[in-house]
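Read the structure below first, then the notes.
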Amino acid sequence: MIHPTPRLRFAPSPTGNLHLGGARTAMYNWALARHLGGAFVLRIEDTDRARSSDASLQVILEGLAWLGLDWDEGPEFRYRDRTFGGGDYGPYYQMQRLDRYAAVAERLLASGHAYRCYCSPERIAEVRERQKARKSPFLGYDGHCRDLTDDQRAAFERQGIEPNLRFRMPKDEVVKVHDLIRGEVEVNTKQLDDWVMVRPGGVPLYNFACVVDDLDMKITHVVRGEEHFLNGIKQRLVFAALGAECPHYAHIPLILNQKGGKLSKRDPGVMSVLEYRDRGYPEEAVFNYIALLGWGFSGDRDVFTRDEMVDAFAVENVGKAGAKFDVDKLHWMCGEYIRRWSVDELLARAERWLVPALPDGALAAQPAFWRNAVACYQERIQLLAELPGKLAWLWARPEPDDAAAKNLRKHADAAQWLSAYADLLESLPLPPSYPADRGDADQLVRLPSQKDAPGADCRWATPATIEAATRAHTETAGIKFGHFVHPVRAALTGTNKGPGLFDVVFLLGKQHCLDRLRDVPNRVQSTT
Ligand code: GLU
């Protein structure tokens with residue numbers, strides 16, 4: 001009987017990074033466990049000793065923790081202020097469970113479901129070559145040792161050959177299975193060979209160790225990639241051989257690239273989960289985006305919280321067709337989340353990228369100034385790592401990029417406009433330039449949605465008063481406002497993009513504005 005409490009697991013091999021596909025598998029198991037009120041177990045399948053590494057294990061643990069896929073049982077791990085893992089069904093590392101595999105292997109040998117195979121690797125390779133040469137539809141072990149007599153076995157043992165243990169597959173039997181995603185499927189065992197369960201030396205291979213663990217850990221549902229579908233058939237037969245019922249299986253389709261082909265690590269935007277973290281993708285956005293790779297929340301909503309996902313998640317609703325990875329949509333999702341934060345949260349989350357980029361100690365010395373600065377970009381970034389580059393014009397005099405230089409040269413009178421504008425700004429009570437103490441100017445957190453609301457009692461010119469003075473100035477001078485703003489912005493920020501011009505003037509402060517307006521046009525003219 002399947003254990004009544006739902007228990008799901010993610011069982012990575014620590015042989016590389018945690019990529020999108022692995023993270024999605026973990027997430028669907030996690031979400032189903034949470035939805036059903038069950039347990040989520042993390043088991044480390046580390047029997048491939050040559051390829052497993054501690055570094056890879058750390059990356060997996062940290063990646064899952066970063067995405068908030070907290071495991072109730074498994075390796076103990078601390079991330080930020082939380083501890084994951086522990087549990088009563090351990091050890092959760094396969095290499096610590098060898099005795100258990102040996103005991104179950106003995107049972108299967110005794111019942112005749114397993115047998116010892118003395119074939120050398122050379123013989124196995126030859127058999128395969130011969131099968132290939134005659135284009136055999138069946139590629140695999142030919143069952144040479146399947147029915148050895150006791151005498152034959154004893155003779156091999158005397159030669160000191162250490163056997164592999166193979167599972168005796170039923171020949172030509174149709175296995176009917178129910179997959180939670182694929183529905184009813186029939187597979188003929190003809191296409192599957194007698195596979196190796198345990199290598200000489202006692203290290204088990206995946207299909208066998210997986211069944212022993214799923215059984216011992218009382219796993220009720222297995223959600224994993226469709227590449228394991230045929231493994232699922234082998235595993236069902238092992239469960240049956242042990243007189244046990246297998247878990248419910250759900251095999252989720254591949255993640256595809258934009259063209260519908262197999263996703264490779266070289267596809268743009270595909271990275272290990274921790275690389276997304278390190279490049280400033282908000283974890284909620286990555287979580288939300290991964291959830292959508294094969295599953296839909298609702299017809300008209302793509303942005304949802306973790307709790308909403310858990311409430312709505314049903315593995316039966318995962319699509320049968322491969323899900324396409326769309327890097328633009330992932331970036332869009334990141335922007336959506338960033339816009340939902342308070343400015344304080346944005347600043348706190350951006351700290352990791354800002355501190356190394358800003359002048360020493362700047363953030364701690366003038367938090368209000370930087371809160372204003374990042375607020376101006378909240379609508380304009382998708383990744384936190386973009387902020388230092390976007391803000392660089394504040395602390396380093398920018399070299400106008402090509403488009404900005406073009407704008408500076410477009411109107412013959414631009415140099416004159418800029419110098420007259422410098423004179424105007426000189427007459428206004430602009431806040432002092434960063435990094436001077438800007439006092440109460442920096443109490444003015446300017447959310448784009450609250451244009452200038454708190455400006456009334458500010459002793460400095462605010463973006464609103466700067467705008468009013470600028471409009472009056474261009475009107476008097478007979479300059480089209482639309483023509484005027486481009487060279488001004490180019491001179492102040494070095495680009496044609498960015499926040500509103502009056503936010504720029506306000507943030508940059510008096511001296512920097514004057515210096516740039518008076519100097520940049522000369523430099524641009526002189527290089528033409
Ligand atoms: N270690 C296997 C993998 O990483 C686990 C497959 C399974 O979930 O059964 O693909």
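In the structure tokens, chains take letters A, B, ... by order of appearance, with residues numbered from 1 within each chain and ligands from 1 in the order shown.
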
Within 8 Å of ligand 1, which residues show up when you count only C-alpha atoms and all ligand atoms? List them as a PDB file with N, CA and C atoms, in the first residue's frame, please.
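The resulting file, result39.pdb, is reproduced below:
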```pdb
ATOM      1  N   ARG A   9       9.987  13.765  -3.545  1.00  0.00           N
ATOM      2  CA  ARG A   9      11.431  13.963  -3.381  1.00  0.00           C
ATOM      3  C   ARG A   9      12.034  14.538  -4.662  1.00  0.00           C
ATOM      4  N   PHE A  10      13.147  15.201  -4.459  1.00  0.00           N
ATOM      5  CA  PHE A  10      13.997  15.609  -5.583  1.00  0.00           C
ATOM      6  C   PHE A  10      15.301  14.879  -5.340  1.00  0.00           C
ATOM      7  N   ALA A  11      15.808  14.236  -6.404  1.00  0.00           N
ATOM      8  CA  ALA A  11      16.948  13.335  -6.195  1.00  0.00           C
ATOM      9  C   ALA A  11      18.088  13.657  -7.161  1.00  0.00           C
ATOM     10  N   PRO A  12      18.711  14.805  -6.995  1.00  0.00           N
ATOM     11  CA  PRO A  12      19.751  15.184  -7.953  1.00  0.00           C
ATOM     12  C   PRO A  12      21.039  14.393  -7.765  1.00  0.00           C
ATOM     13  N   SER A  13      21.766  14.262  -8.853  1.00  0.00           N
ATOM     14  CA  SER A  13      23.129  13.739  -8.776  1.00  0.00           C
ATOM     15  C   SER A  13      24.046  14.952  -8.730  1.00  0.00           C
ATOM     16  N   PRO A  14      24.944  15.016  -7.772  1.00  0.00           N
ATOM     17  CA  PRO A  14      25.774  16.228  -7.652  1.00  0.00           C
ATOM     18  C   PRO A  14      26.945  16.199  -8.639  1.00  0.00           C
ATOM     19  N   GLY A  22      16.449  21.052 -13.814  1.00  0.00           N
ATOM     20  CA  GLY A  22      16.518  20.456 -12.472  1.00  0.00           C
ATOM     21  C   GLY A  22      15.711  21.276 -11.481  1.00  0.00           C
ATOM     22  N   ILE A  44      20.376  12.820  -2.180  1.00  0.00           N
ATOM     23  CA  ILE A  44      21.545  13.058  -3.029  1.00  0.00           C
ATOM     24  C   ILE A  44      22.007  11.740  -3.637  1.00  0.00           C
ATOM     25  N   GLU A  45      21.916  11.658  -4.963  1.00  0.00           N
ATOM     26  CA  GLU A  45      22.266  10.418  -5.665  1.00  0.00           C
ATOM     27  C   GLU A  45      23.722  10.523  -6.134  1.00  0.00           C
ATOM     28  N   ASP A  46      24.606  10.188  -5.212  1.00  0.00           N
ATOM     29  CA  ASP A  46      26.039  10.453  -5.430  1.00  0.00           C
ATOM     30  C   ASP A  46      26.845   9.180  -5.731  1.00  0.00           C
ATOM     31  N   TYR A 206      21.829   3.674 -10.668  1.00  0.00           N
ATOM     32  CA  TYR A 206      20.662   4.531 -10.412  1.00  0.00           C
ATOM     33  C   TYR A 206      19.342   3.786 -10.235  1.00  0.00           C
ATOM     34  N   ASN A 207      18.957   2.970 -11.238  1.00  0.00           N
ATOM     35  CA  ASN A 207      17.599   2.416 -11.194  1.00  0.00           C
ATOM     36  C   ASN A 207      17.342   1.575  -9.947  1.00  0.00           C
ATOM     37  N   CYS A 210      17.585   3.908  -6.629  1.00  0.00           N
ATOM     38  CA  CYS A 210      16.420   4.793  -6.612  1.00  0.00           C
ATOM     39  C   CYS A 210      15.202   4.067  -6.025  1.00  0.00           C
ATOM     40  N   VAL A 222       6.468  10.533  -7.672  1.00  0.00           N
ATOM     41  CA  VAL A 222       7.760  10.888  -8.262  1.00  0.00           C
ATOM     42  C   VAL A 222       7.476  11.754  -9.486  1.00  0.00           C
ATOM     43  N   VAL A 223       7.948  12.993  -9.434  1.00  0.00           N
ATOM     44  CA  VAL A 223       7.834  13.872 -10.595  1.00  0.00           C
ATOM     45  C   VAL A 223       9.253  14.079 -11.111  1.00  0.00           C
ATOM     46  N   ARG A 224       9.489  13.777 -12.378  1.00  0.00           N
ATOM     47  CA  ARG A 224      10.848  13.942 -12.906  1.00  0.00           C
ATOM     48  C   ARG A 224      10.795  14.064 -14.417  1.00  0.00           C
ATOM     49  N   GLY A 225      11.956  14.299 -15.020  1.00  0.00           N
ATOM     50  CA  GLY A 225      12.029  14.543 -16.458  1.00  0.00           C
ATOM     51  C   GLY A 225      11.657  13.307 -17.273  1.00  0.00           C
ATOM     52  N   HIS A 228      13.423   9.931 -17.962  1.00  0.00           N
ATOM     53  CA  HIS A 228      13.397   8.807 -17.025  1.00  0.00           C
ATOM     54  C   HIS A 228      12.169   7.900 -17.215  1.00  0.00           C
ATOM     55  N   GLY A 232      11.393   4.413 -15.371  1.00  0.00           N
ATOM     56  CA  GLY A 232      10.210   4.189 -14.534  1.00  0.00           C
ATOM     57  C   GLY A 232       9.655   2.777 -14.734  1.00  0.00           C
TER      58      GLY A 232
END
```

Any chance you could list, as JSON, numbers by chain, the residues in segment 210-320 of chain A that come up helix (DSSP H, G or I) when DSSP is run on the backbone? {"A": [210, 211, 212, 213, 214, 215, 216, 226, 227, 228, 229, 230, 231, 232, 233, 234, 235, 236, 237, 238, 239, 240, 241, 273, 274, 275, 276, 277, 278, 283, 284, 285, 286, 287, 288, 289, 290, 291, 306, 307, 308, 309, 310, 311, 312, 315, 316, 317]}

Residues within 9 Å of Leu64 of chain A, only C-alpha atoms, excluding chain neighbours under 5 positions, as a ChimeraX atom specification: /A:18,23,26-27,59,69-71,273

Determine, counting only C-alpha atoms, which protein, DNA and RNA residues have an atom within 10 Å of an atom of Phe156 of chain A; residues of the same chain fewer than 5 positions away are not included. Present the result as a PDB file with N, CA, C and O atoms, in the first residue's frame.
```pdb
ATOM      1  N   CYS A 117      26.394 -11.567 -13.237  1.00  0.00           N
ATOM      2  CA  CYS A 117      26.878 -11.579 -14.628  1.00  0.00           C
ATOM      3  C   CYS A 117      28.390 -11.417 -14.608  1.00  0.00           C
ATOM      4  O   CYS A 117      28.917 -10.463 -14.030  1.00  0.00           O
ATOM      5  N   TYR A 118      29.065 -12.372 -15.270  1.00  0.00           N
ATOM      6  CA  TYR A 118      30.532 -12.379 -15.229  1.00  0.00           C
ATOM      7  C   TYR A 118      31.143 -11.862 -16.527  1.00  0.00           C
ATOM      8  O   TYR A 118      32.338 -11.975 -16.744  1.00  0.00           O
ATOM      9  N   CYS A 119      30.321 -11.343 -17.397  1.00  0.00           N
ATOM     10  CA  CYS A 119      30.840 -10.889 -18.694  1.00  0.00           C
ATOM     11  C   CYS A 119      31.811  -9.716 -18.491  1.00  0.00           C
ATOM     12  O   CYS A 119      31.568  -8.837 -17.653  1.00  0.00           O
ATOM     13  N   ASP A 151      27.494 -24.739 -11.482  1.00  0.00           N
ATOM     14  CA  ASP A 151      28.894 -25.102 -11.799  1.00  0.00           C
ATOM     15  C   ASP A 151      29.574 -24.003 -12.606  1.00  0.00           C
ATOM     16  O   ASP A 151      30.722 -23.648 -12.358  1.00  0.00           O
ATOM     17  N   ILE A 161      36.653 -13.654 -10.844  1.00  0.00           N
ATOM     18  CA  ILE A 161      35.930 -12.566 -11.535  1.00  0.00           C
ATOM     19  C   ILE A 161      34.831 -12.042 -10.614  1.00  0.00           C
ATOM     20  O   ILE A 161      34.017 -12.810 -10.106  1.00  0.00           O
ATOM     21  N   GLU A 162      34.838 -10.751 -10.416  1.00  0.00           N
ATOM     22  CA  GLU A 162      33.784 -10.155  -9.579  1.00  0.00           C
ATOM     23  C   GLU A 162      32.602  -9.803 -10.466  1.00  0.00           C
ATOM     24  O   GLU A 162      32.747  -9.052 -11.437  1.00  0.00           O
ATOM     25  N   PRO A 163      31.435 -10.303 -10.154  1.00  0.00           N
ATOM     26  CA  PRO A 163      30.296 -10.108 -11.069  1.00  0.00           C
ATOM     27  C   PRO A 163      29.582  -8.775 -10.888  1.00  0.00           C
ATOM     28  O   PRO A 163      29.633  -8.174  -9.829  1.00  0.00           O
TER      29      PRO A 163
END
```

Determine the nearest neighbour of Trp30 of chain A from the options A:Leu394, A:Val196, A:Ala314, A:Leu430, counting only C-alpha atoms.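 Among the listed residues, the smallest separation from Trp30 of chain A belongs to A:Ala314.
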
List every residue of segment 174-344 of chain A that DSSP, applied to the backbone, labels as strand (DSSP E), and write the result as a VMD selection string. chain A and resid 174 to 179 183 to 188 196 to 198 221 to 225 248 to 252 255 to 256 323 to 324

Got time to write the residues from that selection, N, CA and C atoms, as a short mmCIF file (atom, residue, chain, number, x, y, z; two decimals), in the first residue's frame?
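Saved to part_13.cif:
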```cif
data_model
loop_
_atom_site.label_atom_id
_atom_site.label_comp_id
_atom_site.auth_asym_id
_atom_site.auth_seq_id
_atom_site.Cartn_x
_atom_site.Cartn_y
_atom_site.Cartn_z
N VAL A 174 4.11 -7.08 -21.92
CA VAL A 174 3.60 -5.72 -22.06
C VAL A 174 3.28 -5.17 -20.66
N VAL A 175 3.96 -4.07 -20.32
CA VAL A 175 3.70 -3.45 -19.01
C VAL A 175 2.78 -2.26 -19.24
N LYS A 176 1.67 -2.27 -18.57
CA LYS A 176 0.72 -1.14 -18.70
C LYS A 176 0.94 -0.21 -17.52
N VAL A 177 1.16 1.05 -17.82
CA VAL A 177 1.40 1.96 -16.70
C VAL A 177 0.50 3.18 -16.81
N HIS A 178 0.26 3.77 -15.66
CA HIS A 178 -0.47 5.04 -15.66
C HIS A 178 0.50 6.14 -15.21
N ASP A 179 0.73 7.07 -16.11
CA ASP A 179 1.60 8.21 -15.78
C ASP A 179 0.68 9.41 -15.56
N GLY A 183 -0.75 9.81 -19.05
CA GLY A 183 -1.92 8.94 -19.07
C GLY A 183 -1.51 7.47 -19.16
N GLU A 184 -2.37 6.66 -19.81
CA GLU A 184 -2.08 5.22 -19.90
C GLU A 184 -1.05 4.97 -20.99
N VAL A 185 0.00 4.24 -20.66
CA VAL A 185 1.03 3.93 -21.65
C VAL A 185 1.36 2.44 -21.52
N GLU A 186 1.61 1.81 -22.69
CA GLU A 186 2.02 0.40 -22.68
C GLU A 186 3.44 0.32 -23.20
N VAL A 187 4.26 -0.45 -22.52
CA VAL A 187 5.64 -0.62 -22.98
C VAL A 187 5.95 -2.11 -23.00
N ASN A 188 6.53 -2.57 -24.10
CA ASN A 188 6.93 -3.97 -24.16
C ASN A 188 8.35 -4.11 -23.64
N VAL A 196 22.18 -3.49 -15.26
CA VAL A 196 23.05 -3.70 -14.09
C VAL A 196 22.46 -2.96 -12.88
N MET A 197 22.31 -3.70 -11.80
CA MET A 197 21.81 -3.10 -10.56
C MET A 197 22.95 -2.66 -9.64
N VAL A 198 23.94 -3.57 -9.55
CA VAL A 198 25.06 -3.29 -8.63
C VAL A 198 26.36 -3.67 -9.34
N HIS A 221 4.91 9.93 -4.58
CA HIS A 221 4.80 10.49 -5.93
C HIS A 221 6.20 10.84 -6.41
N VAL A 222 6.47 10.53 -7.67
CA VAL A 222 7.76 10.89 -8.26
C VAL A 222 7.48 11.75 -9.49
N VAL A 223 7.95 12.99 -9.43
CA VAL A 223 7.83 13.87 -10.59
C VAL A 223 9.25 14.08 -11.11
N ARG A 224 9.49 13.78 -12.38
CA ARG A 224 10.85 13.94 -12.91
C ARG A 224 10.79 14.06 -14.42
N GLY A 225 11.96 14.30 -15.02
CA GLY A 225 12.03 14.54 -16.46
C GLY A 225 11.66 13.31 -17.27
N HIS A 248 3.25 6.91 -7.47
CA HIS A 248 2.67 7.49 -8.69
C HIS A 248 3.81 8.17 -9.44
N TYR A 249 3.85 7.97 -10.74
CA TYR A 249 4.90 8.62 -11.53
C TYR A 249 4.32 9.70 -12.42
N ALA A 250 5.06 10.78 -12.55
CA ALA A 250 4.70 11.85 -13.48
C ALA A 250 5.98 12.24 -14.20
N HIS A 251 6.01 12.06 -15.52
CA HIS A 251 7.22 12.42 -16.28
C HIS A 251 6.95 13.68 -17.07
N ILE A 252 7.71 14.72 -16.72
CA ILE A 252 7.44 16.03 -17.32
C ILE A 252 8.28 16.23 -18.58
N ILE A 255 12.38 20.88 -21.62
CA ILE A 255 12.32 22.33 -21.87
C ILE A 255 12.98 22.55 -23.23
N LEU A 256 12.32 23.28 -24.10
CA LEU A 256 12.81 23.47 -25.47
C LEU A 256 13.29 24.91 -25.66
N ALA A 323 7.97 22.63 -23.04
CA ALA A 323 7.77 24.06 -22.76
C ALA A 323 8.92 24.84 -23.36
N LYS A 324 8.59 25.98 -23.99
CA LYS A 324 9.66 26.77 -24.61
C LYS A 324 10.26 27.78 -23.62
#
```

Need to verify the contact set: Pro499 of chain A, 9 Å, only C-alpha atoms, exclusion of same-chain residues closer than 6 positions in sequence. Can you return it as a PyMOL selection string? chain A and resi 376-377+380

If we count only C-alpha atoms and set the cut-off at 10 Å, which residues sit around Val238 of chain A, ignoring sequence neighbours fewer than 2 positions away in its own chain? Please answer as a PyMOL selection string. chain A and resi 108+113-114+167-169+207-208+211-212+232-236+240-246

Which residue, A:Gly494, A:Pro432, A:Pro170, A:Gly439, has the smallest gap to Phe506 of chain A when you use only C-alpha atoms?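 Selected residue with least distance to Phe506 of chain A: A:Pro432.
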
Shell around Leu358 of chain A at 12 Å using only C-alpha atoms, local window under 5 positions removed, as a ChimeraX atom specification: /A:350-353,363-366,370,387-396,434-435
